[in-house]
Amino acid sequence: MSTAAFWDKIAPKYAKKPVPDESAYQATLERTRSYLTPADHVLEIGCGTGSTALHLAPAVTHITATDISSQMLAIAEAKLSDDAPSNISFLQVPALKPLAAAPFDAICAFSILHLLDDLPAAIAHLKAQVKPGGYVISKTGCIGDMNRAIPLVIRLMQLLKKAPFVNVFTADALEAAFRGAGFQIVETGHFGKDKTTHFIVARRPA
């Protein structure tokens with residue numbers, strides 16, 4: 001099963017799931033907004049059903065939100081009601097596809113970097129798509145910091161076609177990958193009880 005087909009299949013169920021830790025999610029949004037300005041054009045990769053883009057849109061000029069799944073994006077588009085922000089463009093493209101609108105003032109990559117098979121290549125791509133002086137803001141599940149049984153469970157679920165590809169790395173390795181690509185790490189940490197989901201704000205030097 002292709003990556004797009006996997007996410008297409010689970011999109012309806014995914015859309016109905018509540019946020020696991022609402023306070024941690026709101027803290028992530030708050031910290032993210034603190035790095036954005038009203039003049040910014042922001043890219044969000046792996047936007048899923050569009051909720052985060054909708055929350056961040058009032059803080060910026062425009063958000064281009066991308067995802068590989070047509071079904072996820074159909075749900076996202078359905079959220080664009082009359083009272084929704086009008087400054088969002090949803091695009092069905094792979095996470096690492098160069099976009100004509102680049103470079104962006106900031107890029108958001110939430111719950112996506114661990115789903116990409118080449119972490120250094122992914123971060124190098126993000127650097128190429130963000131303006132000098134701009135930020136890449138990410139929140140990533142670091143499977144390498146979790147219980148050692150977790151990768152085995154994920155592998156079993158993949159064999160049963162109940163889980164996508166998952167890249168296993170630690171928070172230290174993730175930070176090292178950003179530094180290796182030439183980013184300056186401005187902020188790191190986590191929100192809520194889950195200490196293995198790592199928040200990073202990385203700045204491309206001007």
# chains A, B, ... in the order shown; residues from 1 in each chain; ligands from 1
>>> residues_around(residues="segment 4-11 of chain A", least_positions_apart="6", cutoff="9 Å", atoms="only C-alpha atoms", output="list in words")
Gly48, Thr49, Asp67, Ile68, Ser69, Ser70, Gln71, Met72, Ile75, Pro94, Lys161, Lys162, Ala163 and Pro164 of chain A
>>> residues_around(residues="segment 28-38 of chain A", least_positions_apart="5", cutoff="8 Å", atoms="only C-alpha atoms", output="list in words")
Thr52, His55, Leu56, Ala59, Val60, Thr61, Ala106, Tyr135, Ile137, Phe191 and Phe199 of chain A
>>> write_last_selection(atoms="N, CA and C atoms", output="compact mmCIF listing (two decimals), in the first residue's frame")
# COMPACT_ATOMS: atom_id res chain seq x y z
N THR A 52 -4.62 22.63 12.23
CA THR A 52 -3.55 23.53 12.67
C THR A 52 -3.45 24.75 11.75
N HIS A 55 -6.04 27.20 12.74
CA HIS A 55 -5.72 27.90 13.98
C HIS A 55 -4.66 28.98 13.77
N LEU A 56 -3.70 28.72 12.88
CA LEU A 56 -2.59 29.66 12.70
C LEU A 56 -2.90 30.76 11.69
N ALA A 59 -2.99 34.61 12.29
CA ALA A 59 -1.75 35.25 12.73
C ALA A 59 -0.85 35.67 11.57
N VAL A 60 -1.20 35.27 10.32
CA VAL A 60 -0.29 35.49 9.19
C VAL A 60 -1.06 36.00 7.97
N THR A 61 -0.29 36.34 6.93
CA THR A 61 -0.93 36.78 5.68
C THR A 61 -1.53 35.61 4.92
N ALA A 106 8.21 31.13 7.01
CA ALA A 106 8.30 30.10 8.04
C ALA A 106 7.69 28.82 7.50
N TYR A 135 12.10 30.65 9.88
CA TYR A 135 12.06 29.58 10.87
C TYR A 135 11.42 28.31 10.30
N ILE A 137 9.56 25.29 12.17
CA ILE A 137 8.99 24.97 13.48
C ILE A 137 8.41 23.57 13.40
N PHE A 191 5.84 19.66 25.33
CA PHE A 191 4.66 20.17 26.02
C PHE A 191 3.85 18.99 26.52
N PHE A 199 9.68 19.40 20.38
CA PHE A 199 9.40 20.67 19.71
C PHE A 199 10.72 21.37 19.43
>>> residues_around(residues="Asp117 of chain A", least_positions_apart="6", cutoff="10 Å", atoms="only C-alpha atoms", output="PyMOL selection string")
chain A and resi 165-168
>>> residues_around(residues="Ala24 of chain A", least_positions_apart="2", cutoff="12 Å", atoms="only C-alpha atoms", output="list in words")
Val19, Pro20, Asp21, Glu22, Gln26, Ala27, Thr28, Leu29, Glu30, Arg31, Lys139, Gly189, His190, Phe191, Gly192, Lys193, Asp194, Lys195, Thr197, His198 and Phe199 of chain A
>>> atom_distance(atom1="atom CA of Ala15 of chain A", atom2="atom CA of Val42 of chain A")
23.0 Å
>>> decode(residues="segment 21-48 of chain A", atoms="C-alpha atoms", output="PDB file, in the first residue's frame")
ATOM      1  CA  ASP A  21      -3.468  16.284  24.887  1.00  0.00           C
ATOM      2  CA  GLU A  22      -5.395  19.486  24.184  1.00  0.00           C
ATOM      3  CA  SER A  23      -3.335  21.651  26.556  1.00  0.00           C
ATOM      4  CA  ALA A  24      -0.074  20.498  24.922  1.00  0.00           C
ATOM      5  CA  TYR A  25      -1.541  21.220  21.485  1.00  0.00           C
ATOM      6  CA  GLN A  26      -2.595  24.717  22.521  1.00  0.00           C
ATOM      7  CA  ALA A  27       0.864  25.352  23.990  1.00  0.00           C
ATOM      8  CA  THR A  28       2.409  24.286  20.680  1.00  0.00           C
ATOM      9  CA  LEU A  29       0.160  26.706  18.802  1.00  0.00           C
ATOM     10  CA  GLU A  30       1.001  29.519  21.205  1.00  0.00           C
ATOM     11  CA  ARG A  31       4.757  29.030  20.874  1.00  0.00           C
ATOM     12  CA  THR A  32       4.436  28.739  17.106  1.00  0.00           C
ATOM     13  CA  ARG A  33       2.472  31.985  16.822  1.00  0.00           C
ATOM     14  CA  SER A  34       5.176  33.766  18.819  1.00  0.00           C
ATOM     15  CA  TYR A  35       7.563  33.280  15.867  1.00  0.00           C
ATOM     16  CA  LEU A  36       5.089  34.394  13.190  1.00  0.00           C
ATOM     17  CA  THR A  37       4.203  37.901  11.994  1.00  0.00           C
ATOM     18  CA  PRO A  38       1.105  39.262  10.226  1.00  0.00           C
ATOM     19  CA  ALA A  39       3.174  39.696   7.043  1.00  0.00           C
ATOM     20  CA  ASP A  40       4.319  36.063   6.865  1.00  0.00           C
ATOM     21  CA  HIS A  41       3.545  33.536   4.145  1.00  0.00           C
ATOM     22  CA  VAL A  42       3.766  30.192   5.925  1.00  0.00           C
ATOM     23  CA  LEU A  43       4.081  26.665   4.566  1.00  0.00           C
ATOM     24  CA  GLU A  44       2.724  23.735   6.553  1.00  0.00           C
ATOM     25  CA  ILE A  45       3.767  20.285   5.333  1.00  0.00           C
ATOM     26  CA  GLY A  46       1.775  17.210   6.287  1.00  0.00           C
ATOM     27  CA  CYS A  47      -1.237  19.343   7.206  1.00  0.00           C
ATOM     28  CA  GLY A  48      -3.630  16.391   7.502  1.00  0.00           C
TER      29      GLY A  48
END
